[in-house]
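K.L.:
Sending over a structure as C-alpha coordinates; questions will come in a sec.
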Amino acid sequence: MRQTEIVKTGIQRALGPILAGYAFQQTALTGMLPVIAEELDLTPGRVGLAVGVGLLVSSVIAPFLVGGMTRQWLRVAMAVQMLASLALMGLLLVPAPAVAAFALLLAIRIVQGTAAAATLAVAQGASASVGRPVAALARLQIGPGLGRAFGAALIGPLVRLSIVIPLLPALIGATVSLFLLARTDWCLPMTTGHHERTPWTAALAVPFLVQCAVGAGQLGLGPLLAQNFPAPRAAAIAGLCLGTGYLALMLAHVFVTPVSTGIRPAATLLVAALFLPVLWPQPAVLVVATALAAGTSGVIIARHLARVISLRPAAARRNAAWQGSALLAGLGIGASAASLCLPLSPVAPFLLACGFALAALLICKRTLR
(Lines give C-alpha, C1' and ligand atoms only; values in the text may rest on other atoms or scores of the structure.)
Protein backbone atom coordinates (compact mmCIF):
# COMPACT_ATOMS: atom_id res chain seq x y z
CA MET A 1 0.00 0.00 0.00
CA ARG A 2 1.40 3.43 -0.94
CA GLN A 3 2.06 5.96 1.82
CA THR A 4 -0.81 8.16 0.59
CA GLU A 5 -3.18 5.20 0.81
CA ILE A 6 -2.07 4.51 4.38
CA VAL A 7 -2.75 8.14 5.27
CA LYS A 8 -6.22 8.11 3.69
CA THR A 9 -7.12 4.85 5.43
CA GLY A 10 -5.93 6.36 8.72
CA ILE A 11 -8.28 9.32 8.24
CA GLN A 12 -11.20 6.97 7.65
CA ARG A 13 -10.41 4.99 10.79
CA ALA A 14 -10.02 8.16 12.85
CA LEU A 15 -13.40 9.46 11.71
CA GLY A 16 -15.16 6.11 12.18
CA PRO A 17 -16.22 6.65 15.83
CA ILE A 18 -17.79 10.07 15.21
CA LEU A 19 -19.72 8.76 12.20
CA ALA A 20 -20.95 5.75 14.19
CA GLY A 21 -21.96 7.91 17.16
CA TYR A 22 -23.89 10.35 14.99
CA ALA A 23 -25.68 7.48 13.21
CA PHE A 24 -26.66 6.05 16.61
CA GLN A 25 -28.00 9.41 17.77
CA GLN A 26 -29.89 10.05 14.51
CA THR A 27 -31.61 6.66 14.75
CA ALA A 28 -32.37 7.22 18.42
CA LEU A 29 -33.90 10.64 17.74
CA THR A 30 -36.24 9.13 15.19
CA GLY A 31 -37.46 6.52 17.68
CA MET A 32 -37.64 9.05 20.53
CA LEU A 33 -39.95 11.50 18.75
CA PRO A 34 -42.93 10.95 21.10
CA VAL A 35 -40.72 11.08 24.21
CA ILE A 36 -38.94 14.26 23.07
CA ALA A 37 -42.27 15.85 22.13
CA GLU A 38 -43.66 15.18 25.60
CA GLU A 39 -40.52 16.48 27.29
CA LEU A 40 -40.49 19.73 25.27
CA ASP A 41 -44.29 20.19 25.28
CA LEU A 42 -44.38 19.94 21.48
CA THR A 43 -46.35 17.72 19.13
CA PRO A 44 -44.49 14.79 17.55
CA GLY A 45 -45.10 16.44 14.20
CA ARG A 46 -43.23 19.60 15.23
CA VAL A 47 -40.32 17.57 16.59
CA GLY A 48 -40.24 15.55 13.37
CA LEU A 49 -40.35 18.79 11.38
CA ALA A 50 -37.35 20.17 13.27
CA VAL A 51 -35.38 16.97 12.69
CA GLY A 52 -36.39 16.77 9.03
CA VAL A 53 -35.80 20.43 8.21
CA GLY A 54 -32.43 20.23 9.95
CA LEU A 55 -31.42 17.37 7.67
CA LEU A 56 -32.60 19.13 4.51
CA VAL A 57 -30.90 22.43 5.34
CA SER A 58 -27.64 20.73 6.26
CA SER A 59 -27.79 18.72 3.02
CA VAL A 60 -27.72 22.01 1.09
CA ILE A 61 -25.10 23.83 3.19
CA ALA A 62 -22.54 21.05 3.71
CA PRO A 63 -21.30 20.67 0.10
CA PHE A 64 -20.30 24.36 0.00
CA LEU A 65 -18.20 23.93 3.15
CA VAL A 66 -16.31 20.81 2.12
CA GLY A 67 -14.22 22.38 -0.64
CA GLY A 68 -12.49 24.72 1.82
CA MET A 69 -12.20 22.17 4.62
CA THR A 70 -8.76 22.35 6.23
CA ARG A 71 -7.27 20.21 8.95
CA GLN A 72 -8.17 22.85 11.49
CA TRP A 73 -11.72 23.31 10.17
CA LEU A 74 -12.30 19.56 10.29
CA ARG A 75 -11.42 19.65 13.99
CA VAL A 76 -13.81 22.57 14.40
CA ALA A 77 -16.60 20.60 12.69
CA MET A 78 -16.02 17.69 15.06
CA ALA A 79 -16.00 20.00 18.08
CA VAL A 80 -19.24 21.57 16.86
CA GLN A 81 -20.86 18.12 16.85
CA MET A 82 -19.78 17.63 20.45
CA LEU A 83 -21.18 21.01 21.48
CA ALA A 84 -24.42 20.36 19.61
CA SER A 85 -24.89 17.07 21.46
CA LEU A 86 -24.30 18.83 24.77
CA ALA A 87 -26.77 21.56 23.80
CA LEU A 88 -29.40 18.98 22.86
CA MET A 89 -28.91 17.18 26.17
CA GLY A 90 -29.23 20.49 28.00
CA LEU A 91 -32.43 21.33 26.14
CA LEU A 92 -33.97 17.99 27.15
CA LEU A 93 -32.86 18.27 30.77
CA VAL A 94 -33.93 21.91 31.18
CA PRO A 95 -36.81 22.41 28.71
CA ALA A 96 -37.55 25.92 27.44
CA PRO A 97 -41.01 27.28 26.60
CA ALA A 98 -42.55 25.50 23.60
CA VAL A 99 -41.77 28.17 20.99
CA ALA A 100 -38.21 28.64 22.19
CA ALA A 101 -37.73 24.85 22.48
CA PHE A 102 -38.76 24.37 18.85
CA ALA A 103 -36.42 27.14 17.65
CA LEU A 104 -33.51 25.79 19.69
CA LEU A 105 -34.09 22.22 18.54
CA LEU A 106 -34.20 23.34 14.90
CA ALA A 107 -31.01 25.39 15.26
CA ILE A 108 -29.16 22.55 17.00
CA ARG A 109 -30.15 20.06 14.32
CA ILE A 110 -29.11 22.36 11.47
CA VAL A 111 -25.69 23.07 13.01
CA GLN A 112 -25.07 19.46 14.02
CA GLY A 113 -26.29 18.04 10.72
CA THR A 114 -24.13 20.41 8.68
CA ALA A 115 -20.99 19.55 10.65
CA ALA A 116 -21.76 15.82 10.44
CA ALA A 117 -22.39 15.94 6.69
CA ALA A 118 -19.11 17.80 6.09
CA THR A 119 -17.22 15.27 8.22
CA LEU A 120 -18.74 12.35 6.34
CA ALA A 121 -17.86 13.92 2.99
CA VAL A 122 -14.21 14.27 4.04
CA ALA A 123 -14.12 10.61 5.08
CA GLN A 124 -15.76 9.49 1.82
CA GLY A 125 -13.52 11.68 -0.29
CA ALA A 126 -10.44 10.16 1.35
CA SER A 127 -11.11 6.97 -0.62
CA ALA A 128 -10.12 8.77 -3.84
CA SER A 129 -6.44 7.95 -3.23
CA VAL A 130 -7.04 4.35 -2.13
CA GLY A 131 -6.27 1.58 -4.57
CA ARG A 132 -9.66 -0.10 -4.00
CA PRO A 133 -12.13 2.72 -3.41
CA VAL A 134 -15.19 0.44 -3.30
CA ALA A 135 -13.68 -1.65 -0.50
CA ALA A 136 -12.64 1.52 1.32
CA LEU A 137 -16.17 2.93 1.11
CA ALA A 138 -17.58 -0.38 2.32
CA ARG A 139 -15.29 -0.32 5.36
CA LEU A 140 -16.28 3.28 6.03
CA GLN A 141 -19.96 2.30 6.21
CA ILE A 142 -19.41 -0.38 8.85
CA GLY A 143 -19.23 2.14 11.70
CA PRO A 144 -22.42 4.04 10.82
CA GLY A 145 -24.14 0.71 10.12
CA LEU A 146 -23.29 -0.53 13.60
CA GLY A 147 -24.42 2.79 15.06
CA ARG A 148 -27.82 2.56 13.37
CA ALA A 149 -28.26 -1.09 14.33
CA PHE A 150 -27.44 -0.52 17.99
CA GLY A 151 -29.48 2.68 18.01
CA ALA A 152 -32.55 0.82 16.79
CA ALA A 153 -32.01 -2.06 19.23
CA LEU A 154 -31.13 -0.07 22.37
CA ILE A 155 -33.35 2.98 22.14
CA GLY A 156 -36.11 1.38 24.27
CA PRO A 157 -33.97 0.25 27.22
CA LEU A 158 -31.79 3.37 27.24
CA VAL A 159 -34.60 5.92 27.15
CA ARG A 160 -36.17 4.22 30.18
CA LEU A 161 -33.00 5.04 32.13
CA SER A 162 -32.77 8.65 30.97
CA ILE A 163 -33.82 10.66 27.96
CA VAL A 164 -30.26 11.90 27.41
CA ILE A 165 -28.44 8.54 27.50
CA PRO A 166 -29.26 7.72 23.82
CA LEU A 167 -27.50 10.99 22.91
CA LEU A 168 -24.22 10.08 24.61
CA PRO A 169 -22.74 7.89 21.81
CA ALA A 170 -22.47 10.93 19.52
CA LEU A 171 -20.54 12.82 22.19
CA ILE A 172 -18.30 9.84 22.95
CA GLY A 173 -17.66 9.14 19.26
CA ALA A 174 -16.63 12.74 18.58
CA THR A 175 -14.25 12.70 21.55
CA VAL A 176 -12.61 9.45 20.42
CA SER A 177 -12.27 10.67 16.82
CA LEU A 178 -10.62 13.93 17.92
CA PHE A 179 -8.11 11.88 19.93
CA LEU A 180 -7.41 9.50 17.01
CA LEU A 181 -7.12 12.35 14.53
CA ALA A 182 -4.50 14.04 16.69
CA ARG A 183 -2.44 10.84 16.51
CA THR A 184 -2.81 10.50 12.72
CA ASP A 185 -0.29 12.11 10.40
CA TRP A 186 -2.48 13.25 7.55
CA CYS A 187 -2.87 15.92 4.95
CA LEU A 188 -5.48 16.44 2.28
CA PRO A 189 -5.70 18.88 -0.63
CA MET A 190 -7.67 21.59 1.12
CA THR A 191 -8.93 23.85 -1.65
CA THR A 192 -10.88 23.20 -4.77
CA GLY A 193 -11.62 25.27 -7.80
CA HIS A 194 -14.74 27.34 -8.13
CA HIS A 195 -16.03 25.08 -10.89
CA GLU A 196 -16.29 22.22 -8.41
CA ARG A 197 -18.72 24.10 -6.20
CA THR A 198 -21.61 23.19 -8.47
CA PRO A 199 -23.02 19.66 -8.19
CA TRP A 200 -22.52 17.01 -10.84
CA THR A 201 -26.26 16.78 -11.40
CA ALA A 202 -26.25 13.64 -13.53
CA ALA A 203 -24.49 11.73 -10.74
CA LEU A 204 -27.11 12.60 -8.12
CA ALA A 205 -30.14 10.85 -9.65
CA VAL A 206 -29.32 7.29 -8.55
CA PRO A 207 -28.66 7.97 -4.83
CA PHE A 208 -31.61 10.38 -4.69
CA LEU A 209 -34.07 7.85 -6.16
CA VAL A 210 -32.72 4.96 -4.06
CA GLN A 211 -33.20 6.96 -0.86
CA CYS A 212 -36.65 8.08 -2.01
CA ALA A 213 -37.51 4.38 -2.26
CA VAL A 214 -36.01 3.63 1.16
CA GLY A 215 -37.78 6.58 2.79
CA ALA A 216 -41.16 5.62 1.33
CA GLY A 217 -40.74 2.00 2.39
CA GLN A 218 -39.68 2.86 5.94
CA LEU A 219 -42.65 5.16 6.40
CA GLY A 220 -45.02 2.46 5.19
CA LEU A 221 -43.92 -0.17 7.73
CA GLY A 222 -45.80 1.11 10.78
CA PRO A 223 -49.14 1.90 9.11
CA LEU A 224 -49.16 -1.43 7.28
CA LEU A 225 -48.50 -3.38 10.49
CA ALA A 226 -51.09 -1.31 12.36
CA GLN A 227 -53.76 -2.79 10.11
CA ASN A 228 -53.41 -6.14 11.89
CA PHE A 229 -51.74 -5.38 15.25
CA PRO A 230 -52.21 -2.97 18.17
CA ALA A 231 -50.09 0.16 17.92
CA PRO A 232 -47.47 -0.87 20.53
CA ARG A 233 -46.92 -4.25 18.91
CA ALA A 234 -46.87 -2.71 15.43
CA ALA A 235 -44.19 -0.26 16.58
CA ALA A 236 -42.16 -3.10 18.10
CA ILE A 237 -42.31 -5.13 14.88
CA ALA A 238 -41.41 -2.06 12.83
CA GLY A 239 -38.39 -1.52 15.11
CA LEU A 240 -37.38 -5.15 14.58
CA CYS A 241 -37.63 -4.64 10.82
CA LEU A 242 -35.46 -1.52 10.93
CA GLY A 243 -32.89 -3.10 13.24
CA THR A 244 -32.63 -6.13 10.95
CA GLY A 245 -32.30 -3.80 7.99
CA TYR A 246 -29.39 -1.90 9.52
CA LEU A 247 -27.67 -5.18 10.39
CA ALA A 248 -28.16 -6.38 6.80
CA LEU A 249 -26.74 -3.09 5.54
CA MET A 250 -23.59 -3.55 7.60
CA LEU A 251 -23.16 -7.18 6.48
CA ALA A 252 -23.67 -6.18 2.86
CA HIS A 253 -20.87 -3.63 3.12
CA VAL A 254 -18.57 -6.25 4.64
CA PHE A 255 -19.24 -9.17 2.32
CA VAL A 256 -20.98 -7.93 -0.84
CA THR A 257 -19.93 -4.39 -1.71
CA PRO A 258 -16.17 -5.06 -2.01
CA VAL A 259 -16.68 -7.96 -4.45
CA SER A 260 -19.76 -6.75 -6.33
CA THR A 261 -19.14 -5.84 -9.97
CA GLY A 262 -22.20 -3.71 -10.74
CA ILE A 263 -25.27 -2.01 -9.34
CA ARG A 264 -27.96 -3.24 -11.73
CA PRO A 265 -28.42 -6.64 -10.01
CA ALA A 266 -28.72 -4.89 -6.65
CA ALA A 267 -31.22 -2.39 -8.09
CA THR A 268 -33.32 -5.26 -9.46
CA LEU A 269 -33.36 -6.92 -6.03
CA LEU A 270 -34.35 -3.60 -4.45
CA VAL A 271 -37.43 -3.40 -6.67
CA ALA A 272 -38.38 -6.97 -5.76
CA ALA A 273 -37.81 -6.40 -2.03
CA LEU A 274 -40.09 -3.35 -1.97
CA PHE A 275 -42.83 -5.22 -3.82
CA LEU A 276 -42.89 -8.15 -1.36
CA PRO A 277 -45.01 -6.30 1.27
CA VAL A 278 -47.63 -5.60 -1.39
CA LEU A 279 -48.06 -9.34 -1.98
CA TRP A 280 -47.52 -10.69 1.54
CA PRO A 281 -47.83 -8.10 4.34
CA GLN A 282 -46.96 -10.57 7.12
CA PRO A 283 -44.35 -9.59 9.76
CA ALA A 284 -41.83 -12.25 8.71
CA VAL A 285 -42.00 -11.09 5.10
CA LEU A 286 -41.61 -7.46 6.16
CA VAL A 287 -38.46 -8.33 8.13
CA VAL A 288 -36.97 -10.12 5.11
CA ALA A 289 -38.04 -7.35 2.73
CA THR A 290 -36.54 -4.63 4.94
CA ALA A 291 -33.25 -6.50 5.28
CA LEU A 292 -33.04 -7.12 1.52
CA ALA A 293 -33.94 -3.51 0.69
CA ALA A 294 -31.41 -2.11 3.17
CA GLY A 295 -28.60 -4.35 1.96
CA THR A 296 -29.18 -3.74 -1.74
CA SER A 297 -29.61 0.01 -1.32
CA GLY A 298 -26.31 0.17 0.54
CA VAL A 299 -24.51 -1.71 -2.24
CA ILE A 300 -26.01 0.57 -4.90
CA ILE A 301 -25.07 3.78 -3.09
CA ALA A 302 -21.52 2.70 -2.21
CA ARG A 303 -20.70 1.42 -5.70
CA HIS A 304 -22.23 4.47 -7.35
CA LEU A 305 -20.17 6.81 -5.15
CA ALA A 306 -17.02 4.82 -5.93
CA ARG A 307 -17.81 5.19 -9.63
CA VAL A 308 -18.30 8.94 -9.27
CA ILE A 309 -15.03 9.33 -7.34
CA SER A 310 -13.07 7.28 -9.88
CA LEU A 311 -14.38 9.39 -12.76
CA ARG A 312 -13.58 12.73 -11.11
CA PRO A 313 -10.99 12.09 -8.37
CA ALA A 314 -9.94 15.76 -8.19
CA ALA A 315 -13.43 16.68 -6.97
CA ALA A 316 -13.84 13.65 -4.68
CA ARG A 317 -14.78 15.47 -1.47
CA ARG A 318 -17.11 17.89 -3.23
CA ASN A 319 -18.92 15.11 -5.09
CA ALA A 320 -19.08 13.01 -1.93
CA ALA A 321 -20.76 15.93 -0.16
CA TRP A 322 -23.32 16.38 -2.94
CA GLN A 323 -23.98 12.63 -2.91
CA GLY A 324 -24.67 12.86 0.82
CA SER A 325 -27.03 15.77 0.19
CA ALA A 326 -28.92 13.75 -2.40
CA LEU A 327 -29.27 10.89 0.11
CA LEU A 328 -30.72 13.14 2.81
CA ALA A 329 -33.05 14.93 0.42
CA GLY A 330 -34.25 11.65 -1.08
CA LEU A 331 -34.98 10.15 2.31
CA GLY A 332 -37.07 13.15 3.32
CA ILE A 333 -38.92 13.50 0.03
CA GLY A 334 -39.64 9.77 -0.19
CA ALA A 335 -41.14 9.73 3.30
CA SER A 336 -43.17 12.88 2.63
CA ALA A 337 -44.54 11.55 -0.65
CA ALA A 338 -45.44 8.23 0.99
CA SER A 339 -47.33 10.02 3.76
CA LEU A 340 -49.41 11.85 1.15
CA CYS A 341 -50.41 8.66 -0.67
CA LEU A 342 -50.97 6.63 2.52
CA PRO A 343 -54.74 7.45 2.67
CA LEU A 344 -55.18 5.66 -0.66
CA SER A 345 -54.10 2.26 0.67
CA PRO A 346 -51.83 0.78 3.38
CA VAL A 347 -49.63 -0.66 0.61
CA ALA A 348 -49.49 2.59 -1.39
CA PRO A 349 -46.11 3.65 0.12
CA PHE A 350 -44.57 0.38 -1.05
CA LEU A 351 -45.95 0.79 -4.56
CA LEU A 352 -44.49 4.30 -4.59
CA ALA A 353 -41.19 2.93 -3.31
CA CYS A 354 -41.18 0.36 -6.12
CA GLY A 355 -41.65 3.19 -8.61
CA PHE A 356 -38.67 5.08 -7.22
CA ALA A 357 -36.52 1.92 -7.22
CA LEU A 358 -37.56 1.07 -10.79
CA ALA A 359 -36.60 4.57 -11.91
CA ALA A 360 -33.20 4.12 -10.24
CA LEU A 361 -32.78 0.79 -12.04
CA LEU A 362 -33.45 2.40 -15.41
CA ILE A 363 -31.22 5.40 -14.74
CA CYS A 364 -28.27 3.37 -13.49
CA LYS A 365 -27.84 1.98 -17.00
CA ARG A 366 -26.95 5.47 -18.22
CA THR A 367 -23.26 6.23 -18.73
CA LEU A 368 -21.85 9.09 -16.69
CA ARG A 369 -19.59 11.61 -18.43
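Chain lettering (A, B, ...) mirrors the order of the C-alpha coordinates, residue numbering begins at 1 for each chain separately, and ligand numbering begins at 1 in order of display.
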Write out as a list in words the residues lying within 8 Å of Val176 in chain A, counting only C-alpha atoms and excluding same-chain residues fewer than 4 positions away.
P.N.:
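After dropping sequence-adjacent residues, the list is Pro17, Ile18, Ile172 and Leu180 of chain A.
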K.L.:
Just N, CA and C atoms for this one: save the residues we selected as a PDB file, in the first residue's frame.
P.N.:
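Saved the output as selection-v9.pdb:
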ATOM      1  N   PRO A  17     -15.405   6.524  14.614  1.00  0.00           N
ATOM      2  CA  PRO A  17     -16.221   6.647  15.831  1.00  0.00           C
ATOM      3  C   PRO A  17     -17.232   7.790  15.783  1.00  0.00           C
ATOM      4  N   ILE A  18     -16.847   8.950  15.233  1.00  0.00           N
ATOM      5  CA  ILE A  18     -17.787  10.068  15.208  1.00  0.00           C
ATOM      6  C   ILE A  18     -18.936   9.797  14.250  1.00  0.00           C
ATOM      7  N   ILE A 172     -19.456  10.728  22.747  1.00  0.00           N
ATOM      8  CA  ILE A 172     -18.300   9.843  22.954  1.00  0.00           C
ATOM      9  C   ILE A 172     -17.555   9.622  21.640  1.00  0.00           C
ATOM     10  N   LEU A 180      -8.058  10.286  18.064  1.00  0.00           N
ATOM     11  CA  LEU A 180      -7.409   9.502  17.010  1.00  0.00           C
ATOM     12  C   LEU A 180      -6.851  10.392  15.908  1.00  0.00           C
TER      13      LEU A 180
END
K.L.:
With a distance cut-off of 10 Å and only C-alpha atoms, select the neighbouring residues of range 37-43 of chain A, excluding the residue or stretch itself and same-chain residues fewer than 4 positions from it, and output the selection as a list in words.
P.N.:
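These residues fall inside the cut-off: Met32, Leu33, Val47, Gly48, Leu49, Leu91, Leu92, Leu93, Val94, Pro95, Ala96, Pro97, Ala98, Val99, Ala100, Ala101, Phe102, Leu105 and Ile163 of chain A.
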K.L.:
Can you measure CA of Arg307 in chain A to CA of Pro265 in chain A for me? One decimal in Å is fine.
P.N.:
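We find that CA of Arg307 in chain A and CA of Pro265 in chain A lie 15.9 Å from each other.
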K.L.:
DSSP on the backbone: what in range 260-356 of chain A comes out alpha helix (DSSP H), as a VMD selection string?
P.N.:
chain A and resid 264 to 279 283 to 311 316 to 341 348 to 356
K.L.:
What's around Arg75 in chain A at 12 Å? Count only C-alpha atoms, leave out sequence neighbours fewer than 6 positions away in its own chain, and write the answer as a short mmCIF file (atom, residue, chain, number, x, y, z; two decimals) with all heavy atoms, in the first residue's frame.
P.N.:
data_model
loop_
_atom_site.label_atom_id
_atom_site.label_comp_id
_atom_site.auth_asym_id
_atom_site.auth_seq_id
_atom_site.Cartn_x
_atom_site.Cartn_y
_atom_site.Cartn_z
N ALA A 14 -9.90 7.15 11.81
CA ALA A 14 -10.02 8.16 12.85
C ALA A 14 -11.43 8.74 12.90
O ALA A 14 -11.94 9.06 13.98
CB ALA A 14 -9.00 9.27 12.61
N LEU A 15 -12.07 8.88 11.75
CA LEU A 15 -13.40 9.46 11.71
C LEU A 15 -14.51 8.43 11.95
O LEU A 15 -15.67 8.80 12.10
CB LEU A 15 -13.63 10.15 10.36
CG LEU A 15 -12.72 11.34 10.05
CD1 LEU A 15 -13.06 11.94 8.70
CD2 LEU A 15 -12.84 12.40 11.14
N ILE A 18 -16.85 8.95 15.23
CA ILE A 18 -17.79 10.07 15.21
C ILE A 18 -18.94 9.80 14.25
O ILE A 18 -20.09 10.16 14.51
CB ILE A 18 -17.06 11.39 14.84
CG1 ILE A 18 -17.99 12.58 15.09
CG2 ILE A 18 -16.56 11.38 13.41
CD1 ILE A 18 -17.29 13.93 14.97
N MET A 69 -12.45 22.83 3.33
CA MET A 69 -12.20 22.17 4.62
C MET A 69 -10.70 21.95 4.82
O MET A 69 -10.05 21.29 4.02
CB MET A 69 -12.93 20.84 4.67
CG MET A 69 -12.84 20.14 6.01
SD MET A 69 -13.77 20.97 7.31
CE MET A 69 -15.46 20.60 6.82
N GLN A 81 -19.95 19.25 16.60
CA GLN A 81 -20.86 18.12 16.85
C GLN A 81 -20.92 17.78 18.34
O GLN A 81 -21.99 17.45 18.86
CB GLN A 81 -20.40 16.92 16.04
CG GLN A 81 -20.57 17.08 14.54
CD GLN A 81 -20.18 15.84 13.78
OE1 GLN A 81 -20.80 14.79 13.88
NE2 GLN A 81 -19.13 15.96 12.98
N MET A 82 -19.79 17.87 19.01
CA MET A 82 -19.78 17.63 20.45
C MET A 82 -20.63 18.68 21.18
O MET A 82 -21.46 18.34 22.03
CB MET A 82 -18.35 17.67 20.98
CG MET A 82 -17.45 16.57 20.48
SD MET A 82 -15.74 16.75 21.07
CE MET A 82 -15.98 16.62 22.84
N ALA A 115 -22.33 20.00 10.26
CA ALA A 115 -20.99 19.55 10.65
C ALA A 115 -20.81 18.06 10.39
O ALA A 115 -19.75 17.62 9.91
CB ALA A 115 -20.75 19.86 12.13
N ALA A 116 -21.85 17.27 10.67
CA ALA A 116 -21.76 15.82 10.44
C ALA A 116 -21.66 15.50 8.96
O ALA A 116 -20.89 14.61 8.55
CB ALA A 116 -22.98 15.12 11.05
N ALA A 118 -20.44 17.41 6.57
CA ALA A 118 -19.11 17.80 6.09
C ALA A 118 -18.06 16.77 6.51
O ALA A 118 -17.16 16.41 5.73
CB ALA A 118 -18.75 19.18 6.61
N THR A 119 -18.16 16.29 7.74
CA THR A 119 -17.22 15.27 8.22
C THR A 119 -17.32 13.99 7.42
O THR A 119 -16.31 13.39 7.03
CB THR A 119 -17.47 14.98 9.72
OG1 THR A 119 -17.39 16.19 10.46
CG2 THR A 119 -16.45 13.99 10.25
N VAL A 122 -15.67 14.36 3.98
CA VAL A 122 -14.21 14.27 4.04
C VAL A 122 -13.78 12.81 4.11
O VAL A 122 -12.86 12.38 3.42
CB VAL A 122 -13.67 15.06 5.25
CG1 VAL A 122 -12.18 14.77 5.46
CG2 VAL A 122 -13.88 16.54 5.04
N ALA A 174 -17.37 11.55 18.99
CA ALA A 174 -16.63 12.74 18.58
C ALA A 174 -15.36 12.89 19.39
O ALA A 174 -14.29 13.26 18.86
CB ALA A 174 -17.52 13.98 18.73
N THR A 175 -15.43 12.60 20.69
CA THR A 175 -14.25 12.70 21.55
C THR A 175 -13.17 11.71 21.11
O THR A 175 -11.99 12.06 21.01
CB THR A 175 -14.64 12.44 23.02
OG1 THR A 175 -15.67 13.36 23.41
CG2 THR A 175 -13.44 12.61 23.93
N SER A 177 -12.79 10.31 18.15
CA SER A 177 -12.27 10.67 16.82
C SER A 177 -11.28 11.83 16.90
O SER A 177 -10.27 11.85 16.20
CB SER A 177 -13.42 11.01 15.87
OG SER A 177 -14.06 9.85 15.43
N LEU A 178 -11.56 12.82 17.75
CA LEU A 178 -10.62 13.93 17.92
C LEU A 178 -9.28 13.42 18.45
O LEU A 178 -8.21 13.86 18.01
CB LEU A 178 -11.21 14.97 18.86
CG LEU A 178 -12.17 15.98 18.24
CD1 LEU A 178 -12.83 16.82 19.33
CD2 LEU A 178 -11.44 16.88 17.25
N PHE A 179 -9.33 12.46 19.38
CA PHE A 179 -8.11 11.88 19.93
C PHE A 179 -7.35 11.11 18.85
O PHE A 179 -6.12 11.26 18.69
CB PHE A 179 -8.45 10.96 21.09
CG PHE A 179 -7.28 10.19 21.63
CD1 PHE A 179 -6.33 10.80 22.43
CD2 PHE A 179 -7.12 8.84 21.33
CE1 PHE A 179 -5.23 10.09 22.93
CE2 PHE A 179 -6.04 8.12 21.81
CZ PHE A 179 -5.08 8.76 22.61
N LEU A 180 -8.06 10.29 18.06
CA LEU A 180 -7.41 9.50 17.01
C LEU A 180 -6.85 10.39 15.91
O LEU A 180 -5.78 10.12 15.36
CB LEU A 180 -8.40 8.50 16.42
CG LEU A 180 -8.89 7.39 17.34
CD1 LEU A 180 -9.93 6.53 16.63
CD2 LEU A 180 -7.73 6.52 17.80
N LEU A 181 -7.58 11.45 15.59
CA LEU A 181 -7.12 12.35 14.53
C LEU A 181 -5.84 13.06 14.93
O LEU A 181 -4.96 13.31 14.09
CB LEU A 181 -8.22 13.37 14.21
CG LEU A 181 -8.16 14.04 12.83
CD1 LEU A 181 -8.32 13.01 11.73
CD2 LEU A 181 -9.24 15.10 12.71
N ALA A 182 -5.72 13.38 16.20
CA ALA A 182 -4.50 14.04 16.69
C ALA A 182 -3.29 13.12 16.59
O ALA A 182 -2.15 13.60 16.48
CB ALA A 182 -4.70 14.49 18.14
#
K.L.:
Which of these residues is nearest to Ile155 in chain A, using only C-alpha atoms: A:Val278, A:Ile309, A:Leu167, A:Ala359?
P.N.:
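Selected residue with least distance to Ile155 in chain A: A:Leu167.
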K.L.:
What are the closest atom pairs, with distances in Å to one decimal, for all residues of range 234-316 of chain A lying within 10 Å of range 209-229 of chain A? Consider only C-alpha atoms, order rows by chain and residue number, and present the result as a tab-separated table.
P.N.:
residue	atom	partner	partner_atom	distance
A:Ala234	CA	A:Leu225	CA	5.2
A:Ala235	CA	A:Gly222	CA	6.2
A:Ala236	CA	A:Gly222	CA	9.2
A:Ile237	CA	A:Leu225	CA	7.8
A:Ala238	CA	A:Gly222	CA	5.8
A:Gly239	CA	A:Gly222	CA	9.0
A:Cys241	CA	A:Leu221	CA	8.3
A:Leu242	CA	A:Gln218	CA	7.9
A:Ala267	CA	A:Val210	CA	8.5
A:Leu270	CA	A:Val210	CA	8.7
A:Val271	CA	A:Ala213	CA	8.9
A:Ala273	CA	A:Gly217	CA	9.9
A:Leu274	CA	A:Gly217	CA	6.9
A:Phe275	CA	A:Gly217	CA	9.8
A:Pro277	CA	A:Leu224	CA	8.8
A:Val278	CA	A:Leu224	CA	9.7
A:Pro281	CA	A:Leu224	CA	7.4
A:Gln282	CA	A:Leu225	CA	8.1
A:Pro283	CA	A:Leu225	CA	7.5
A:Leu286	CA	A:Leu221	CA	7.8
A:Val287	CA	A:Leu221	CA	9.8
A:Ala289	CA	A:Gly217	CA	9.7
A:Thr290	CA	A:Gln218	CA	8.2
A:Ala293	CA	A:Val214	CA	7.5
A:Ala294	CA	A:Val214	CA	7.6
A:Thr296	CA	A:Val210	CA	9.7
A:Ser297	CA	A:Val210	CA	6.5
A:Gly298	CA	A:Val210	CA	9.2
A:Ile300	CA	A:Val210	CA	8.1
A:Ile301	CA	A:Val210	CA	7.8
K.L.:
Near Leu19 in chain A, counting only C-alpha atoms, which residues have an atom at most 7 Å away, once you skip same-chain residues fewer than 6 positions from it, shown as a PyMOL selection string?
P.N.:
chain A and resi 120+143-144
K.L.:
Let me make sure I understand: among A:Ala266, A:Ala248, A:Leu331, A:Leu161, which one has the smallest atom-to-atom distance to Val53 in chain A if we use only C-alpha atoms?
P.N.:
A:Leu331
K.L.:
Select, from A:Ala205, A:Leu146, A:Ala50, A:Leu140, the residue with the minimum atom-to-atom distance to Ser325 in chain A, counting only C-alpha atoms.
P.N.:
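Between A:Ala205, A:Leu146, A:Ala50, A:Leu140, the residue approaching Ser325 in chain A most closely is A:Ala205.
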